[in-house]
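query-v3.txt (compact mmCIF, C-alpha atoms) appears below.
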```
# COMPACT_ATOMS: atom_id res chain seq x y z
CA MET A 1 -32.82 -32.04 30.52
CA ALA A 2 -31.14 -28.69 29.90
CA LYS A 3 -32.15 -26.87 26.73
CA VAL A 4 -29.50 -25.33 24.45
CA VAL A 5 -30.15 -22.99 21.54
CA VAL A 6 -27.29 -23.26 19.05
CA GLY A 7 -26.57 -20.64 16.44
CA MET A 8 -26.88 -22.49 13.12
CA SER A 9 -24.99 -20.61 10.40
CA GLY A 10 -25.27 -23.19 7.64
CA GLY A 11 -21.59 -24.07 8.05
CA VAL A 12 -19.81 -27.19 9.23
CA ASP A 13 -18.73 -25.80 12.61
CA SER A 14 -22.21 -25.02 13.90
CA SER A 15 -23.47 -28.29 12.42
CA VAL A 16 -21.00 -30.33 14.46
CA ALA A 17 -21.61 -28.13 17.52
CA ALA A 18 -25.24 -29.30 17.38
CA ILE A 19 -24.14 -32.95 17.07
CA GLU A 20 -21.87 -32.64 20.10
CA LEU A 21 -24.65 -31.10 22.18
CA LEU A 22 -26.97 -33.97 21.27
CA ARG A 23 -24.23 -36.45 22.19
CA GLN A 24 -23.92 -34.77 25.58
CA GLY A 25 -27.62 -35.24 26.25
CA TYR A 26 -28.95 -31.71 25.81
CA GLU A 27 -32.26 -30.79 24.27
CA VAL A 28 -31.09 -28.86 21.20
CA LEU A 29 -32.83 -26.16 19.20
CA GLY A 30 -31.30 -24.40 16.20
CA LEU A 31 -31.58 -20.68 15.55
CA PHE A 32 -30.55 -19.04 12.27
CA MET A 33 -29.74 -15.32 12.30
CA ARG A 34 -30.41 -13.08 9.32
CA ASN A 35 -28.14 -10.08 9.85
CA TRP A 36 -28.05 -8.46 6.43
CA ASP A 37 -30.53 -7.95 3.62
CA SER A 38 -28.75 -9.76 0.80
CA THR A 39 -31.01 -8.13 -1.81
CA ILE A 40 -29.24 -4.85 -1.00
CA ASN A 41 -25.95 -6.43 -2.04
CA ASN A 42 -27.35 -7.69 -5.31
CA ASP A 43 -29.06 -4.42 -6.23
CA ILE A 44 -25.94 -2.40 -5.42
CA LEU A 45 -23.55 -4.76 -7.14
CA GLY A 46 -25.67 -5.27 -10.23
CA ASN A 47 -26.32 -8.98 -9.67
CA PRO A 48 -30.10 -9.15 -9.17
CA ASN A 49 -30.27 -12.83 -10.03
CA ASP A 50 -27.08 -14.02 -8.40
CA LEU A 51 -27.54 -14.85 -4.73
CA ASN A 52 -24.77 -17.41 -4.68
CA ASP A 53 -21.81 -15.05 -4.99
CA ILE A 54 -22.77 -12.31 -2.56
CA CYS A 55 -23.54 -13.21 1.08
CA PRO A 56 -25.65 -16.27 0.20
CA GLN A 57 -27.85 -16.19 3.28
CA GLU A 58 -30.70 -18.13 1.73
CA LYS A 59 -28.36 -20.94 0.74
CA ASP A 60 -26.90 -20.93 4.24
CA TYR A 61 -30.39 -21.08 5.74
CA ASN A 62 -31.34 -23.98 3.48
CA ASP A 63 -28.16 -25.83 4.46
CA ALA A 64 -28.88 -25.21 8.15
CA LEU A 65 -32.43 -26.46 7.64
CA LYS A 66 -31.20 -29.67 5.99
CA VAL A 67 -28.75 -30.28 8.84
CA CYS A 68 -31.41 -29.74 11.49
CA LYS A 69 -33.85 -32.05 9.72
CA LYS A 70 -31.17 -34.74 9.57
CA LEU A 71 -30.42 -34.32 13.27
CA ASN A 72 -34.14 -34.15 14.07
CA ILE A 73 -33.96 -30.78 15.81
CA PRO A 74 -36.16 -27.73 15.15
CA LEU A 75 -34.74 -24.66 13.42
CA TYR A 76 -36.03 -21.19 14.12
CA ARG A 77 -35.18 -18.06 12.17
CA VAL A 78 -34.72 -14.54 13.52
CA ASP A 79 -34.20 -11.23 11.73
CA PHE A 80 -31.51 -8.91 13.16
CA VAL A 81 -31.07 -6.76 10.04
CA LYS A 82 -31.93 -3.49 11.81
CA GLU A 83 -29.85 -4.31 14.88
CA TYR A 84 -26.88 -5.28 12.75
CA TRP A 85 -27.13 -2.01 10.85
CA ASP A 86 -27.43 0.07 14.04
CA TYR A 87 -24.72 -1.61 16.12
CA VAL A 88 -22.26 -3.11 13.64
CA PHE A 89 -22.46 -1.62 10.15
CA THR A 90 -22.79 1.99 11.38
CA TYR A 91 -19.77 1.45 13.63
CA PHE A 92 -17.89 -0.01 10.66
CA LEU A 93 -18.58 3.05 8.50
CA ASP A 94 -17.80 5.54 11.29
CA GLU A 95 -14.42 3.93 11.92
CA LEU A 96 -13.54 3.97 8.23
CA LYS A 97 -14.41 7.68 8.07
CA LYS A 98 -11.84 8.26 10.84
CA GLY A 99 -9.17 6.48 8.80
CA ARG A 100 -9.12 3.55 11.23
CA THR A 101 -9.21 -0.19 10.57
CA PRO A 102 -12.32 -1.67 12.23
CA ASN A 103 -13.17 -5.31 12.84
CA PRO A 104 -16.95 -5.67 12.45
CA ASP A 105 -16.88 -9.38 13.36
CA ILE A 106 -15.82 -8.49 16.91
CA MET A 107 -18.72 -6.07 17.26
CA CYS A 108 -21.11 -8.59 15.73
CA ASN A 109 -20.20 -11.02 18.51
CA LYS A 110 -20.59 -8.35 21.18
CA TYR A 111 -23.92 -6.88 20.09
CA ILE A 112 -25.62 -9.55 17.98
CA LYS A 113 -24.49 -13.13 18.62
CA PHE A 114 -24.02 -12.88 22.38
CA ASP A 115 -26.63 -10.21 23.10
CA MET A 116 -29.59 -10.09 20.71
CA PHE A 117 -29.24 -13.77 19.91
CA ALA A 118 -29.01 -14.69 23.60
CA LYS A 119 -32.18 -12.72 24.38
CA LYS A 120 -34.05 -14.52 21.60
CA ALA A 121 -32.76 -17.84 22.92
CA LEU A 122 -34.18 -17.01 26.35
CA GLU A 123 -37.57 -16.47 24.72
CA LEU A 124 -37.27 -20.03 23.40
CA GLY A 125 -36.63 -21.30 26.92
CA ALA A 126 -32.88 -21.80 26.63
CA ASP A 127 -30.74 -22.70 29.62
CA TYR A 128 -27.64 -22.12 27.50
CA ILE A 129 -26.66 -20.82 24.10
CA ALA A 130 -23.96 -22.41 21.93
CA THR A 131 -21.99 -21.46 18.84
CA GLY A 132 -19.46 -23.11 16.56
CA HIS A 133 -16.56 -20.94 17.73
CA TYR A 134 -13.16 -22.53 18.28
CA ALA A 135 -12.84 -21.50 21.92
CA ARG A 136 -13.30 -23.05 25.36
CA ILE A 137 -14.71 -22.02 28.71
CA LYS A 138 -13.32 -23.60 31.87
CA ASP A 139 -13.93 -22.48 35.45
CA GLY A 140 -15.45 -19.28 34.12
CA LYS A 141 -12.39 -18.42 32.03
CA LEU A 142 -12.26 -18.02 28.26
CA LEU A 143 -9.55 -20.27 26.82
CA ARG A 144 -8.08 -20.58 23.36
CA GLY A 145 -9.43 -23.33 21.12
CA ILE A 146 -7.33 -26.51 20.93
CA ASP A 147 -6.79 -25.92 17.20
CA SER A 148 -4.32 -23.04 17.28
CA ASN A 149 -4.86 -22.40 13.58
CA LYS A 150 -8.59 -21.86 14.10
CA ASP A 151 -8.69 -20.35 17.61
CA GLN A 152 -11.31 -17.58 17.60
CA THR A 153 -10.89 -15.99 21.02
CA TYR A 154 -9.55 -12.87 19.27
CA PHE A 155 -13.06 -12.27 17.91
CA LEU A 156 -14.64 -12.92 21.34
CA SER A 157 -12.53 -10.36 23.19
CA GLN A 158 -15.32 -7.76 23.46
CA VAL A 159 -17.92 -10.23 24.77
CA SER A 160 -18.45 -9.57 28.48
CA LYS A 161 -17.89 -12.04 31.29
CA ALA A 162 -21.61 -11.92 32.08
CA GLN A 163 -22.48 -12.72 28.47
CA LEU A 164 -20.24 -15.80 28.56
CA GLU A 165 -21.78 -17.28 31.71
CA LYS A 166 -24.41 -19.32 29.86
CA VAL A 167 -22.40 -20.06 26.71
CA LEU A 168 -21.15 -23.42 25.44
CA PHE A 169 -18.46 -23.93 22.78
CA PRO A 170 -18.93 -27.61 21.84
CA ILE A 171 -16.10 -27.81 19.27
CA GLY A 172 -13.47 -25.91 21.23
CA GLU A 173 -11.69 -29.14 22.11
CA MET A 174 -11.52 -30.25 18.46
CA ASN A 175 -9.30 -29.67 15.47
CA LYS A 176 -10.92 -28.58 12.22
CA SER A 177 -10.11 -31.93 10.62
CA GLU A 178 -12.01 -33.73 13.39
CA VAL A 179 -14.99 -31.46 12.86
CA ARG A 180 -15.14 -32.29 9.17
CA GLU A 181 -14.76 -36.02 9.86
CA ILE A 182 -17.74 -35.95 12.23
CA ALA A 183 -19.83 -34.07 9.67
CA LYS A 184 -18.91 -36.67 7.03
CA LYS A 185 -19.80 -39.50 9.39
CA TYR A 186 -23.28 -37.99 9.75
CA ASP A 187 -23.44 -37.38 5.99
CA LEU A 188 -24.18 -33.68 6.45
CA ILE A 189 -24.42 -31.33 3.48
CA THR A 190 -22.00 -28.99 5.25
CA ALA A 191 -19.20 -31.57 5.65
CA ASP A 192 -17.10 -30.21 2.77
CA LYS A 193 -18.56 -26.72 2.66
CA LYS A 194 -15.94 -24.01 2.31
CA ASP A 195 -15.35 -21.84 5.36
CA SER A 196 -16.74 -18.35 5.02
CA THR A 197 -14.15 -15.57 4.72
CA GLY A 198 -14.30 -11.82 4.49
CA ILE A 199 -17.03 -9.66 5.95
CA CYS A 200 -20.33 -11.50 5.95
CA PHE A 201 -22.54 -8.75 4.55
CA ILE A 202 -20.17 -8.07 1.66
CA GLY A 203 -18.99 -11.55 0.78
CA GLU A 204 -15.58 -12.31 -0.64
CA ARG A 205 -15.36 -9.77 -3.43
CA ASN A 206 -16.48 -6.36 -4.73
CA PHE A 207 -15.59 -4.65 -1.44
CA LYS A 208 -14.75 -1.33 -3.12
CA GLN A 209 -17.81 -1.39 -5.34
CA PHE A 210 -20.00 -2.15 -2.33
CA LEU A 211 -18.51 0.41 0.02
CA LYS A 212 -18.61 3.39 -2.34
CA ASN A 213 -22.40 3.36 -2.05
CA TYR A 214 -22.04 4.35 1.61
CA LEU A 215 -18.72 6.23 1.63
CA PRO A 216 -18.04 7.92 -1.72
CA ASN A 217 -14.53 7.43 -3.07
CA ASN A 218 -12.16 10.36 -2.64
CA PRO A 219 -9.04 9.62 -4.74
CA GLY A 220 -5.73 11.23 -3.83
CA ASP A 221 -1.97 10.95 -4.10
CA ILE A 222 0.21 8.04 -3.03
CA VAL A 223 3.45 9.61 -1.77
CA ASN A 224 6.82 8.13 -0.84
CA ILE A 225 7.25 9.37 2.73
CA ASP A 226 11.06 9.52 2.40
CA THR A 227 11.37 11.33 -0.93
CA ASN A 228 8.00 13.10 -1.05
CA GLU A 229 7.64 11.77 -4.59
CA VAL A 230 4.12 11.20 -5.89
CA LEU A 231 4.07 7.57 -7.04
CA GLY A 232 0.47 7.18 -8.07
CA LYS A 233 -3.16 7.60 -7.05
CA HIS A 234 -5.15 5.85 -4.33
CA VAL A 235 -8.88 5.22 -4.77
CA GLY A 236 -9.86 6.31 -1.26
CA LEU A 237 -8.02 6.12 2.07
CA MET A 238 -10.67 3.85 3.61
CA TYR A 239 -9.53 0.95 1.40
CA TYR A 240 -5.99 0.81 2.82
CA THR A 241 -4.46 -0.21 6.13
CA VAL A 242 -1.01 0.27 7.66
CA GLY A 243 1.34 -2.51 6.60
CA GLN A 244 -0.57 -3.26 3.39
CA ARG A 245 1.59 -4.19 0.41
CA ARG A 246 -0.77 -5.68 -2.18
CA GLY A 247 -3.23 -3.71 -4.23
CA LEU A 248 -1.32 -0.42 -4.36
CA ASN A 249 -1.03 -0.56 -8.16
CA ILE A 250 2.28 1.29 -8.26
CA GLY A 251 4.49 0.08 -11.09
CA GLY A 252 8.21 0.51 -11.72
CA THR A 253 9.44 0.28 -8.12
CA LYS A 254 12.40 -1.97 -7.38
CA ASP A 255 11.66 -2.49 -3.69
CA ARG A 256 8.47 -3.53 -1.96
CA LEU A 257 6.31 -0.62 -0.90
CA PHE A 258 4.19 -0.67 2.23
CA VAL A 259 1.47 1.64 3.48
CA VAL A 260 2.89 3.45 6.50
CA SER A 261 0.33 6.20 7.26
CA LYS A 262 -2.66 8.19 6.07
CA ASP A 263 -3.18 11.95 6.16
CA LEU A 264 -6.94 12.48 6.20
CA ASP A 265 -6.67 16.28 5.97
CA LYS A 266 -4.46 16.20 2.86
CA ASN A 267 -6.02 12.96 1.55
CA VAL A 268 -2.56 11.46 1.08
CA LEU A 269 -1.55 7.82 1.41
CA TYR A 270 2.08 7.52 2.48
CA VAL A 271 4.20 4.53 1.55
CA ALA A 272 7.81 3.51 2.20
CA GLU A 273 10.21 0.88 0.89
CA GLY A 274 10.99 -2.36 2.71
CA ASP A 275 9.04 -4.17 5.40
CA GLU A 276 11.60 -3.44 8.12
CA ASN A 277 11.42 0.33 7.78
CA LYS A 278 11.05 2.54 10.83
CA TYR A 279 7.63 3.81 9.82
CA LEU A 280 5.94 0.44 10.37
CA LEU A 281 7.31 -0.04 13.88
CA SER A 282 5.62 1.14 17.06
CA TYR A 283 6.49 0.48 20.68
CA ALA A 284 3.26 1.10 22.58
CA CYS A 285 -0.43 1.74 22.09
CA GLU A 286 -3.35 3.03 24.09
CA ILE A 287 -6.50 0.93 23.99
CA GLU A 288 -10.05 2.05 24.74
CA GLU A 289 -13.37 0.20 25.14
CA VAL A 290 -11.50 -2.12 27.48
CA ASN A 291 -13.31 -5.38 28.25
CA LEU A 292 -11.63 -7.57 30.87
CA LEU A 293 -12.53 -11.23 31.35
CA ASP A 294 -9.96 -12.01 34.06
CA ASP A 295 -7.48 -10.41 36.41
CA LEU A 296 -4.92 -8.38 34.50
CA PRO A 297 -1.23 -9.01 35.23
CA SER A 298 1.45 -6.40 34.60
CA LYS A 299 3.03 -8.68 31.97
CA CYS A 300 1.24 -10.87 29.44
CA THR A 301 1.04 -11.32 25.68
CA ALA A 302 -1.08 -9.59 23.06
CA LYS A 303 -2.31 -10.03 19.51
CA PHE A 304 -2.88 -6.90 17.43
CA ARG A 305 -4.21 -8.90 14.46
CA TYR A 306 -5.99 -12.23 14.28
CA ARG A 307 -3.27 -14.30 12.61
CA GLN A 308 -0.40 -12.62 14.43
CA PRO A 309 1.88 -14.53 16.84
CA ASP A 310 1.71 -13.50 20.49
CA ASN A 311 3.79 -10.46 21.46
CA ASP A 312 5.18 -9.93 24.95
CA VAL A 313 3.69 -6.76 26.46
CA LEU A 314 3.69 -4.68 29.63
CA ILE A 315 0.37 -3.31 30.89
CA GLU A 316 -0.17 0.05 32.53
CA LYS A 317 -3.53 1.40 33.65
CA ILE A 318 -4.47 4.95 32.66
CA ASP A 319 -6.73 7.22 34.73
CA ASN A 320 -9.44 7.36 32.03
CA GLY A 321 -9.98 3.60 32.24
CA ASN A 322 -7.94 2.93 29.12
CA LEU A 323 -4.82 0.77 29.10
CA LEU A 324 -1.32 1.55 27.88
CA ILE A 325 0.18 -1.51 26.19
CA LYS A 326 3.97 -1.39 25.90
CA TYR A 327 6.04 -3.66 23.65
CA PRO A 328 9.66 -2.42 23.82
CA GLN A 329 10.80 -5.00 21.26
CA GLY A 330 8.75 -3.14 18.64
CA VAL A 331 5.86 -4.54 16.60
CA LYS A 332 5.10 -3.84 12.96
CA ALA A 333 1.85 -2.42 11.60
CA VAL A 334 -0.11 -1.94 14.82
CA THR A 335 -3.07 0.07 13.57
CA GLU A 336 -5.67 2.35 15.13
CA GLY A 337 -9.12 0.80 15.17
CA GLN A 338 -7.91 -2.78 15.32
CA ALA A 339 -8.41 -4.95 18.39
CA CYS A 340 -5.64 -5.57 20.90
CA VAL A 341 -6.41 -8.88 22.60
CA LEU A 342 -4.57 -9.91 25.77
CA TYR A 343 -3.57 -13.42 26.82
CA ASN A 344 -2.05 -15.15 29.82
CA GLY A 345 -1.02 -18.47 28.33
CA GLU A 346 -4.21 -20.23 27.22
CA ILE A 347 -6.45 -17.71 28.97
CA CYS A 348 -7.94 -14.84 26.98
CA LEU A 349 -7.96 -11.85 29.33
CA GLY A 350 -10.10 -9.63 27.07
CA GLY A 351 -8.85 -6.57 25.28
CA GLY A 352 -9.74 -3.25 23.74
CA ILE A 353 -9.70 -1.15 20.59
CA ILE A 354 -6.46 0.59 19.63
CA LYS A 355 -6.94 4.34 20.04
CA LYS A 356 -3.40 5.62 19.59
CA ILE A 357 0.03 4.23 18.75
CA TYR A 358 3.41 5.44 19.96
CA LYS A 359 6.52 5.43 17.79
CA ASP A 360 8.83 6.11 20.74
CA ASN A 361 9.92 3.40 23.15
CA LEU A 362 8.18 4.25 26.44
CA VAL A 363 10.10 1.74 28.57
```
Would you give me this structure, written as structure tokens?
Amino acid sequence: MAKVVVGMSGGVDSSVAAIELLRQGYEVLGLFMRNWDSTINNDILGNPNDLNDICPQEKDYNDALKVCKKLNIPLYRVDFVKEYWDYVFTYFLDELKKGRTPNPDIMCNKYIKFDMFAKKALELGADYIATGHYARIKDGKLLRGIDSNKDQTYFLSQVSKAQLEKVLFPIGEMNKSEVREIAKKYDLITADKKDSTGICFIGERNFKQFLKNYLPNNPGDIVNIDTNEVLGKHVGLMYYTVGQRRGLNIGGTKDRLFVVSKDLDKNVLYVAEGDENKYLLSYACEIEEVNLLDDLPSKCTAKFRYRQPDNDVLIEKIDNGNLLIKYPQGVKAVTEGQACVLYNGEICLGGGIIKKIYKDNLV
């Protein structure tokens, strides 16, 4: 009987992943990862007695433990706090310092869940590892999850082909509603548990208050790029991303204002009116840290943000190993530091990190 170590997060997806593995006849072990010291959050945010609001890891662990006891499988616990700091959080801060928009969840998958976690699973005698991601693997290819609203291949785009060889995604063929129904059938504590959102080590609020302890705020002017008029003050460039509309706190404007660029040297946040303005459009980007999971065609589709529809793109290889991604139809708010993930139909081809964007049409 093959042994599978499943990453138990304390959520409904990993809970049902474990059920599916048991149904399929595997020997199943659970492994809970502690990636952040939640006491840091509480000390910093002034909530020493409130573990429920900020990254409630202990509650998640207790939920995972209850699920594993109900399913009669063992649960192990591993501490990756140092590794998470070194490989994910440091990267996150460095990218913000550069004025870019990083995605720490992608790096967490690359360095923690499918590397450190996999090594620990091998120590436990695993033949495979499994997670509750909405994705599929077929004939060695990474495919989108059946539930298009929950597909998580975007976040798996930096995981290498070798890392995926011994990975199972038990719920990739399911819709979210099916997952919850199965959890209810087994009367699991996670059946109606809310999906986690935001960045795991911060939680769902107090992002600015948290971050200023690592990157001190440097307020500056918000300037209309067309008129050069100072419209207000920003609280620090790291808190804003291209295309952002909410949270600018600029009153008295008749049209919607969008963030269109940042000037790190002058510490200026530039905005413009209307979401169709020329400043938000780009026509190509260069991506670095390229990770390919399949053969790369000259034409395919790409996502530049998780919830974004697919965009038709043309691919051109660059001598330095980077890729030039062209989209002559123009795409709004493509941003340096974000992931560009490539697809050929249902197949996720991999992707890279956006290094540079081009405002001119290169086709």
(message) Report as a list in words all protein, DNA and RNA residues lying within 7 Å of range 302-318 of chain A, evaluated on only C-alpha atoms, omitting residues in the same chain fewer than 6 positions from it.
(response) Tyr154, Leu324, Ile325, Lys326, Tyr327, Val334, Gln338, Ala339, Cys340, Val341, Leu342 and Tyr343 of chain A
(request) Provide the CA of Gln24 in chain A to CA of Ile347 in chain A distance in Å, to one decimal place. (result)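 Straight-line distance from CA of Gln24 in chain A to CA of Ile347 in chain A works out to 24.7 Å.
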(message) Just want the 9 Å neighbourhood of range 81-87 of chain A, counted on all atoms listed in the file, with same-chain residues fewer than 3 positions away dropped. Output as a list of chain:residue names.
(response)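 My reading of the contact set: A:Met33, A:Arg34, A:Asn35, A:Trp36, A:Asp37, A:Thr90, A:Tyr91, A:Phe92, A:Met107, A:Cys108, A:Tyr111, A:Ile112, A:Met116.
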Give me, as JSON lines, each residue of range 16-119 of chain A that comes within 12 Å of range 214-230 of chain A, together with its shortest interatomic pair and the distance in Å at one decimal, counting all atoms listed in the file, with rows ordered by chain and rising residue number.
```
{"residue": "A:Ile40", "atom": "CA", "partner": "A:Tyr214", "partner_atom": "CA", "distance": 12.0}
{"residue": "A:Ile44", "atom": "CA", "partner": "A:Tyr214", "partner_atom": "CA", "distance": 10.5}
{"residue": "A:Phe89", "atom": "CA", "partner": "A:Tyr214", "partner_atom": "CA", "distance": 10.4}
{"residue": "A:Thr90", "atom": "CA", "partner": "A:Tyr214", "partner_atom": "CA", "distance": 10.1}
{"residue": "A:Phe92", "atom": "CA", "partner": "A:Tyr214", "partner_atom": "CA", "distance": 10.9}
{"residue": "A:Leu93", "atom": "CA", "partner": "A:Leu215", "partner_atom": "CA", "distance": 7.6}
{"residue": "A:Asp94", "atom": "CA", "partner": "A:Leu215", "partner_atom": "CA", "distance": 9.7}
{"residue": "A:Glu95", "atom": "CA", "partner": "A:Leu215", "partner_atom": "CA", "distance": 11.4}
{"residue": "A:Leu96", "atom": "CA", "partner": "A:Leu215", "partner_atom": "CA", "distance": 8.7}
{"residue": "A:Lys97", "atom": "CA", "partner": "A:Leu215", "partner_atom": "CA", "distance": 7.9}
{"residue": "A:Lys98", "atom": "CA", "partner": "A:Leu215", "partner_atom": "CA", "distance": 11.7}
{"residue": "A:Gly99", "atom": "CA", "partner": "A:Leu215", "partner_atom": "CA", "distance": 11.9}
```
Store the residues picked out above, limited to C-alpha atoms, as an mmCIF file, in the coordinates of the input.
```cif
data_model
loop_
_atom_site.group_PDB
_atom_site.id
_atom_site.type_symbol
_atom_site.label_atom_id
_atom_site.label_comp_id
_atom_site.auth_asym_id
_atom_site.auth_seq_id
_atom_site.Cartn_x
_atom_site.Cartn_y
_atom_site.Cartn_z
ATOM 1 C CA ILE A 40 -29.240 -4.850 -1.000
ATOM 2 C CA ILE A 44 -25.940 -2.400 -5.420
ATOM 3 C CA PHE A 89 -22.460 -1.620 10.150
ATOM 4 C CA THR A 90 -22.790 1.990 11.380
ATOM 5 C CA PHE A 92 -17.890 -0.010 10.660
ATOM 6 C CA LEU A 93 -18.580 3.050 8.500
ATOM 7 C CA ASP A 94 -17.800 5.540 11.290
ATOM 8 C CA GLU A 95 -14.420 3.930 11.920
ATOM 9 C CA LEU A 96 -13.540 3.970 8.230
ATOM 10 C CA LYS A 97 -14.410 7.680 8.070
ATOM 11 C CA LYS A 98 -11.840 8.260 10.840
ATOM 12 C CA GLY A 99 -9.170 6.480 8.800
#
```
(message) Using Å and a single decimal, report how far CA of Leu65 in chain A sits from CA of Leu122 in chain A.
(response)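 Those two atoms sit 21.0 Å apart.
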(request) Using only C-alpha atoms, pick whichever of A:Lys176, A:Arg100, A:Lys138, A:Lys194 has the shortest atom-to-atom distance to Val242 in chain A. (result) A:Arg100
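Residues with any atom within 6 Å of Tyr283 in chain A, counting only C-alpha atoms and excluding same-chain neighbours fewer than 5 positions away, are Tyr327, Pro328, Gly330, Tyr358, Lys359 and Asn361 of chain A.
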Please write the residues from the selection above to a file, keeping C-alpha atoms, as a compact mmCIF listing (two decimals), keeping the file's coordinate frame.
```
# COMPACT_ATOMS: atom_id res chain seq x y z
CA TYR A 327 6.04 -3.66 23.65
CA PRO A 328 9.66 -2.42 23.82
CA GLY A 330 8.75 -3.14 18.64
CA TYR A 358 3.41 5.44 19.96
CA LYS A 359 6.52 5.43 17.79
CA ASN A 361 9.92 3.40 23.15
```
Might I get the box with edges along x, y and z of the file that holds all atoms of range 165-172 of chain A listed there, padded by 6 Å on every side, given as centre and edge lengths in Å to one decimal, as JSON?
```
{"center_x": -18.9, "center_y": -22.5, "center_z": 25.5, "size_x": 22.9, "size_y": 22.5, "size_z": 24.4}
```
(request) Could you check which of A:Glu20, A:Asp195, A:Asp265, A:Glu346 is closest to Met174 in chain A, using all atoms listed in the file? (result) A:Glu20
(message) Please determine, counting only C-alpha atoms, which residue among A:Ala126, A:Leu257, A:Ala64, A:Val331 has the shortest atom-to-atom distance to Tyr26 in chain A.
(response) A:Ala126
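Around the point (-6.4, -23.5, 20.2), within 9 Å and counting only C-alpha atoms, we find these residues: Tyr134, Ala135, Arg136, Leu143, Arg144, Gly145, Ile146, Asp147, Ser148, Asn149, Lys150, Asp151, Gln152, Thr153, Gly172, Glu173, Met174, Asn175 and Glu346 of chain A.
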